[in-house]
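Content type compact mmCIF, C-alpha atoms (C1' of nucleotides), from the file model10.txt:
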# COMPACT_ATOMS: atom_id res chain seq x y z
CA MET A 37 69.57 75.91 89.28
CA LEU A 38 73.04 77.34 89.68
CA LYS A 39 74.53 77.65 93.16
CA ILE A 40 77.33 80.19 93.47
CA ALA A 41 79.31 80.72 96.67
CA THR A 42 82.00 82.97 98.10
CA TYR A 43 84.32 82.10 100.97
CA ASN A 44 87.23 84.04 102.44
CA ILE A 45 89.19 81.05 103.68
CA ASN A 46 92.11 82.89 105.34
CA GLY A 47 94.83 80.49 104.20
CA ILE A 48 93.91 77.76 101.73
CA ASN A 49 96.44 75.24 103.03
CA ALA A 50 95.63 75.75 106.70
CA ARG A 51 91.93 75.63 105.77
CA LEU A 52 91.95 72.72 103.34
CA PRO A 53 90.12 70.16 105.55
CA VAL A 54 87.39 72.73 106.33
CA LEU A 55 87.11 73.75 102.67
CA LEU A 56 86.79 70.16 101.46
CA GLN A 57 84.23 69.31 104.15
CA TRP A 58 82.13 72.33 103.20
CA LEU A 59 82.38 71.64 99.43
CA GLN A 60 81.18 68.12 100.05
CA GLU A 61 78.11 69.19 102.02
CA ALA A 62 77.21 72.44 100.19
CA LYS A 63 77.97 71.25 96.65
CA PRO A 64 78.18 74.71 95.08
CA ASP A 65 78.52 74.84 91.29
CA ILE A 66 80.86 77.84 91.36
CA VAL A 67 83.01 79.08 94.26
CA CYS A 68 85.02 82.27 94.67
CA LEU A 69 87.78 82.02 97.29
CA GLN A 70 89.71 84.89 98.85
CA GLU A 71 92.80 85.14 101.04
CA LEU A 72 94.55 82.05 99.73
CA LYS A 73 97.71 83.32 101.48
CA ALA A 74 99.78 81.09 99.23
CA PRO A 75 101.93 81.58 96.14
CA GLY A 76 100.59 80.07 92.90
CA GLU A 77 102.72 76.94 93.19
CA ARG A 78 101.30 76.13 96.62
CA PHE A 79 97.67 75.99 95.48
CA PRO A 80 96.38 72.50 96.42
CA LEU A 81 95.05 71.67 92.95
CA ALA A 82 95.14 67.88 93.34
CA GLU A 83 92.91 67.95 96.43
CA ILE A 84 90.51 70.43 94.82
CA GLN A 85 90.29 68.26 91.69
CA ALA A 86 89.77 65.14 93.80
CA ALA A 87 86.80 66.95 95.37
CA GLY A 88 85.35 67.35 91.87
CA TYR A 89 86.33 70.92 90.97
CA GLN A 90 88.33 72.64 88.28
CA ALA A 91 90.10 75.82 89.32
CA VAL A 92 91.80 78.98 88.20
CA TRP A 93 93.73 80.99 90.77
CA HIS A 94 95.91 84.03 91.29
CA GLY A 95 98.18 83.44 94.24
CA GLN A 96 100.67 85.55 96.15
CA LYS A 97 103.19 84.76 98.87
CA SER A 98 101.90 85.45 102.40
CA TRP A 99 98.93 87.67 101.61
CA ASN A 100 95.83 88.00 99.44
CA GLY A 101 95.22 85.46 96.65
CA VAL A 102 91.95 84.61 94.90
CA ALA A 103 90.55 81.57 93.10
CA ILE A 104 87.48 80.47 91.16
CA LEU A 105 86.32 76.84 91.33
CA SER A 106 83.74 75.18 89.11
CA ARG A 107 82.15 71.75 89.43
CA SER A 108 80.93 71.06 85.88
CA LEU A 109 80.84 74.29 83.86
CA PRO A 110 84.07 75.13 82.03
CA ILE A 111 86.10 78.06 83.36
CA GLN A 112 87.79 80.44 80.99
CA GLU A 113 89.99 83.00 82.70
CA VAL A 114 89.78 86.44 81.11
CA GLY A 115 91.75 88.62 83.54
CA ARG A 116 93.82 88.60 86.70
CA SER A 117 94.34 92.22 87.51
CA LEU A 118 91.98 95.08 88.19
CA PRO A 119 92.63 97.64 85.44
CA GLY A 120 93.84 101.12 86.34
CA ASP A 121 97.21 100.63 88.05
CA LYS A 122 99.84 98.45 86.41
CA ASP A 123 102.10 98.88 89.46
CA ASP A 124 99.59 97.19 91.77
CA VAL A 125 101.08 93.77 92.55
CA GLN A 126 98.50 92.58 95.07
CA SER A 127 96.52 89.48 94.02
CA ARG A 128 93.00 90.65 94.65
CA TYR A 129 91.23 90.14 91.34
CA LEU A 130 90.30 87.26 89.06
CA GLU A 131 87.80 87.38 86.20
CA ALA A 132 86.53 84.36 84.31
CA VAL A 133 83.68 83.25 82.11
CA VAL A 134 82.01 80.26 83.76
CA GLY A 135 79.27 78.79 81.61
CA GLN A 136 77.34 81.83 80.38
CA ILE A 137 78.20 84.16 83.26
CA VAL A 138 81.14 86.48 83.87
CA ILE A 139 82.37 85.68 87.37
CA VAL A 140 84.56 88.30 89.04
CA CYS A 141 86.28 87.20 92.24
CA LEU A 142 87.32 90.13 94.44
CA TYR A 143 89.32 90.63 97.59
CA CYS A 144 88.96 94.35 98.26
CA PRO A 145 91.63 95.96 100.47
CA ASN A 146 90.93 96.12 104.20
CA GLY A 147 92.15 99.72 104.48
CA ASN A 148 92.89 99.85 108.20
CA PRO A 149 94.23 101.76 109.99
CA TYR A 150 92.26 104.89 109.14
CA PRO A 151 93.60 107.38 108.27
CA GLY A 152 96.66 106.23 106.37
CA GLU A 153 98.22 104.90 103.21
CA LYS A 154 96.30 101.66 103.34
CA PHE A 155 93.01 103.54 103.51
CA GLU A 156 94.03 105.66 100.51
CA TYR A 157 94.94 102.49 98.60
CA LYS A 158 91.49 101.10 99.40
CA LEU A 159 89.76 104.21 98.05
CA LYS A 160 91.85 104.12 94.88
CA TRP A 161 91.13 100.43 94.48
CA TYR A 162 87.40 101.14 94.76
CA LYS A 163 87.70 103.88 92.13
CA ARG A 164 89.34 101.40 89.77
CA LEU A 165 86.68 98.81 90.56
CA THR A 166 83.90 101.33 89.90
CA ALA A 167 85.37 102.25 86.51
CA HIS A 168 85.78 98.61 85.53
CA ALA A 169 82.32 97.64 86.81
CA LYS A 170 80.81 100.29 84.56
CA LYS A 171 82.54 98.75 81.55
CA LEU A 172 81.33 95.29 82.52
CA LEU A 173 77.74 96.55 82.67
CA ALA A 174 78.13 98.15 79.24
CA HIS A 175 78.95 94.74 77.75
CA ASP A 176 75.35 93.82 78.51
CA VAL A 177 76.05 90.22 79.55
CA PRO A 178 75.31 88.52 82.90
CA VAL A 179 78.03 89.42 85.42
CA ILE A 180 78.48 88.90 89.16
CA LEU A 181 81.03 90.76 91.26
CA ILE A 182 81.68 88.35 94.11
CA GLY A 183 83.81 88.41 97.19
CA ASP A 184 85.11 90.07 100.32
CA TYR A 185 84.37 93.77 99.84
CA ASN A 186 85.63 94.76 103.29
CA VAL A 187 82.64 97.09 103.66
CA MET A 188 79.48 96.93 105.72
CA PRO A 189 77.01 98.74 103.44
CA THR A 190 74.56 99.85 106.17
CA THR A 191 74.15 99.99 109.95
CA LEU A 192 72.10 96.78 109.67
CA ASP A 193 75.31 95.01 108.68
CA VAL A 194 77.30 95.80 111.85
CA TYR A 195 76.66 94.44 115.34
CA LYS A 196 77.65 97.78 116.89
CA PRO A 197 77.77 100.53 114.25
CA GLU A 198 78.91 103.27 116.64
CA LYS A 199 82.15 101.37 117.29
CA TYR A 200 82.97 101.31 113.60
CA VAL A 201 82.54 104.95 112.53
CA ASN A 202 86.30 105.39 112.06
CA ASP A 203 87.01 101.88 110.88
CA ALA A 204 88.09 101.52 107.25
CA LEU A 205 85.33 98.92 106.74
CA PHE A 206 82.59 101.39 107.64
CA ARG A 207 83.94 104.85 106.83
CA THR A 208 81.49 106.96 104.83
CA GLU A 209 83.95 107.19 101.89
CA VAL A 210 83.97 103.42 101.48
CA ARG A 211 80.24 103.00 101.97
CA ALA A 212 79.73 105.75 99.38
CA ALA A 213 81.95 103.80 96.96
CA PHE A 214 79.85 100.69 97.49
CA ASP A 215 76.68 102.77 97.02
CA GLY A 216 78.15 104.07 93.78
CA LEU A 217 78.25 100.52 92.46
CA LEU A 218 74.58 100.01 93.38
CA LYS A 219 73.72 103.27 91.61
CA GLN A 220 75.36 101.90 88.45
CA GLY A 221 72.71 99.17 88.46
CA TRP A 222 74.25 96.36 90.47
CA THR A 223 72.09 94.60 93.06
CA ASP A 224 73.33 93.43 96.47
CA ALA A 225 71.83 89.95 96.12
CA ILE A 226 71.67 88.95 99.80
CA ARG A 227 70.17 92.28 100.86
CA HIS A 228 67.70 92.06 97.97
CA LEU A 229 66.52 88.67 99.23
CA TYR A 230 66.44 89.79 102.88
CA PRO A 231 65.69 93.54 102.99
CA GLU A 232 65.29 93.78 106.78
CA GLU A 233 67.27 90.98 108.37
CA THR A 234 70.50 91.17 110.29
CA ILE A 235 72.91 88.94 108.39
CA TYR A 236 76.60 88.52 109.14
CA THR A 237 79.33 86.79 107.14
CA PHE A 238 82.36 87.51 109.37
CA TRP A 239 83.09 87.16 113.07
CA ASP A 240 86.48 88.29 114.36
CA TYR A 241 88.79 85.75 116.04
CA PHE A 242 89.21 88.33 118.82
CA ARG A 243 87.15 88.83 121.93
CA ARG A 244 84.94 85.78 121.51
CA ALA A 245 83.14 87.56 118.65
CA TRP A 246 81.58 84.34 117.34
CA GLU A 247 80.19 83.35 120.72
CA ARG A 248 78.74 86.87 121.17
CA ASN A 249 77.46 87.04 117.57
CA ALA A 250 79.50 90.22 117.17
CA GLY A 251 79.48 89.97 113.39
CA LEU A 252 79.80 91.99 110.21
CA ARG A 253 78.35 91.53 106.71
CA ILE A 254 81.26 92.16 104.35
CA ASP A 255 81.06 89.36 101.75
CA HIS A 256 78.74 90.30 98.90
CA PHE A 257 77.33 89.31 95.53
CA LEU A 258 76.66 92.23 93.20
CA ILE A 259 74.58 90.91 90.32
CA SER A 260 74.02 92.65 87.00
CA PRO A 261 70.45 93.60 85.97
CA HIS A 262 70.08 90.51 83.75
CA LEU A 263 70.33 88.24 86.74
CA ARG A 264 67.92 89.92 89.13
CA ASP A 265 64.94 87.91 87.93
CA ARG A 266 66.94 84.71 88.10
CA LEU A 267 67.88 85.15 91.77
CA SER A 268 65.89 82.61 93.80
CA ARG A 269 67.61 81.94 97.13
CA GLY A 270 70.67 82.83 99.16
CA GLY A 271 72.20 82.49 102.59
CA VAL A 272 75.18 82.15 104.88
CA ASP A 273 76.53 78.73 105.89
CA LYS A 274 76.92 80.09 109.39
CA HIS A 275 77.56 76.74 111.08
CA VAL A 276 80.90 76.46 109.25
CA ARG A 277 82.17 79.39 111.35
CA GLY A 278 81.72 77.16 114.41
CA TRP A 279 83.95 74.35 113.13
CA GLU A 280 87.44 73.57 114.43
CA LYS A 281 90.30 75.36 112.62
CA THR A 282 87.76 77.49 110.76
CA SER A 283 88.09 80.81 108.94
CA ASP A 284 86.90 84.07 110.49
CA HIS A 285 84.45 84.30 107.55
CA ALA A 286 81.58 81.92 106.78
CA PRO A 287 80.70 80.80 103.22
CA VAL A 288 77.92 82.80 101.55
CA TRP A 289 75.88 81.56 98.58
CA ILE A 290 73.13 82.44 96.14
CA GLU A 291 71.06 80.35 93.72
CA LEU A 292 70.08 81.40 90.21
CA LYS A 293 67.22 79.93 88.22
C1' DA N 75 95.64 98.73 123.90
C1' DT N 76 93.97 94.45 123.68
C1' DG N 77 92.42 89.99 121.78
C1' DT N 78 93.55 85.41 117.81
C1' DC N 79 94.88 83.48 113.85
C1' DG N 80 98.04 82.32 109.43
C1' DC N 81 102.10 83.36 107.05
C1' DT N 82 107.34 84.02 106.47
C1' DC N 83 112.05 83.97 107.87
C1' DA N 84 115.67 80.76 109.01
C1' DT N 85 113.99 80.57 114.06
C1' DG N 86 113.03 77.96 118.21
C1' DG N 87 110.10 82.84 118.35
C1' DA N 88 109.15 87.75 116.16
C1' DG N 89 106.88 90.63 112.96
C1' DC N 90 103.13 91.63 109.86
C1' DG N 91 98.40 91.77 108.24
C1' DA N 92 93.74 91.14 109.24
Produce structure tokens that represent the structure in this file.
Amino acid sequence: MLKIATYNINGINARLPVLLQWLQEAKPDIVCLQELKAPGERFPLAEIQAAGYQAVWHGQKSWNGVAILSRSLPIQEVGRSLPGDKDDVQSRYLEAVVGQIVIVCLYCPNGNPYPGEKFEYKLKWYKRLTAHAKKLLAHDVPVILIGDYNVMPTTLDVYKPEKYVNDALFRTEVRAAFDGLLKQGWTDAIRHLYPEETIYTFWDYFRRAWERNAGLRIDHFLISPHLRDRLSRGGVDKHVRGWEKTSDHAPVWIELK
DNA sequence: ATGTCGCTCATGGAGCGA
């Protein structure tokens, strides 16, 4: 059994006690982290290693930043930029072979406010991701695209869909881009396991969103066709969102046979 | 518009992104 998790930690140094506590109790084999909000040299490698994990990371000062952790399987980094725009300097992509699986850690652009430059950047980023995802599928090896997609795929994934019609996380253009990935053959693992349930992975810090369960499902695992039959369980470690000094996201995980 | 966080700059908060 292989347990793979994703967690937008919103600042790895501010979040380190929470991250270590969760690693200790959840014991995932592989973890994708987003929003490190730290340059490469400020990644807390010693503490991560002391917790029993190897790591590769792609940091950036102030914003973004992604990492892949592994407990026992070796990690071999194979890429740290999403192909298609060599002028894009934002650290939102990290690709590695972990054991026998290609693990892609993603932090898709937020895109707000809509309309605007940031929204256009998000759409372009999704175009690049779609092109690259197609190539990954063509390699015909097990791949998982993991991370914060900054999109709620359906109305089931938003506490109040009507409030989000002009939000960059729910605009039809972005949902269509996500749908395009599914049409390529990727499977939204959590939705596959729970076709009907309301599941959230993010609760805003604002307006007592956590207390009101005003949540969004924006952290996803897209698994390649090879892995669909190996998918056994999945869930959200929702209680972590209730901890002190916690992220606005909760960790999400799946298990593969 | 607002709310709350985390980060940076080079302050003793302000501005930005989410």
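When the distance limit is 10 Å and all atoms listed in the file are what count, the residues near A:Pro110, minus those fewer than 3 positions from it on the same chain, are A:Gln90, A:Ala91, A:Leu105, A:Ser106, A:Arg107, A:Glu113, A:Ala132, A:Val133, A:Val134, A:Gly135, A:Gln136.
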Give one line per residue of chain N that approaches chain A to at most 7 Å, naming the two atoms of the closest pair and their distance in Å to one decimal, counting only C-alpha atoms (C1' of nucleotides); sort by chain then ascending residue number and deliver it as JSON lines.
{"residue": "N:DG77", "atom": "C1'", "partner": "A:Phe242", "partner_atom": "CA", "distance": 4.7}
{"residue": "N:DT78", "atom": "C1'", "partner": "A:Tyr241", "partner_atom": "CA", "distance": 5.1}
{"residue": "N:DC79", "atom": "C1'", "partner": "A:Tyr241", "partner_atom": "CA", "distance": 6.9}
{"residue": "N:DG80", "atom": "C1'", "partner": "A:Gly47", "partner_atom": "CA", "distance": 6.4}
{"residue": "N:DC81", "atom": "C1'", "partner": "A:Ser98", "partner_atom": "CA", "distance": 5.1}
{"residue": "N:DT82", "atom": "C1'", "partner": "A:Ser98", "partner_atom": "CA", "distance": 6.9}
Write out the residues from the selection above, keeping C-alpha atoms (C1' of nucleotides), as a PDB file, in the coordinates of the input.
ATOM      1  C1'  DG N  77      92.420  89.990 121.780  1.00  0.00           C
ATOM      2  C1'  DT N  78      93.550  85.410 117.810  1.00  0.00           C
ATOM      3  C1'  DC N  79      94.880  83.480 113.850  1.00  0.00           C
ATOM      4  C1'  DG N  80      98.040  82.320 109.430  1.00  0.00           C
ATOM      5  C1'  DC N  81     102.100  83.360 107.050  1.00  0.00           C
ATOM      6  C1'  DT N  82     107.340  84.020 106.470  1.00  0.00           C
TER       7       DT N  82
END
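Going from atom CA of A:Val276 over to atom CA of A:Thr190, you cover 24.4 Å.
Pairwise distance (atom CA of A:Asp255, atom CA of A:Val125) equals 22.5 Å.
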Of the listed residues A:Gly95, A:Gly216, A:Asp184, A:Glu233, that which approaches A:Arg78 most closely, counting all atoms listed in the file
A:Gly95
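The coordinates place atom CA of A:Leu192 at 24.1 Å from atom CA of A:Leu165.
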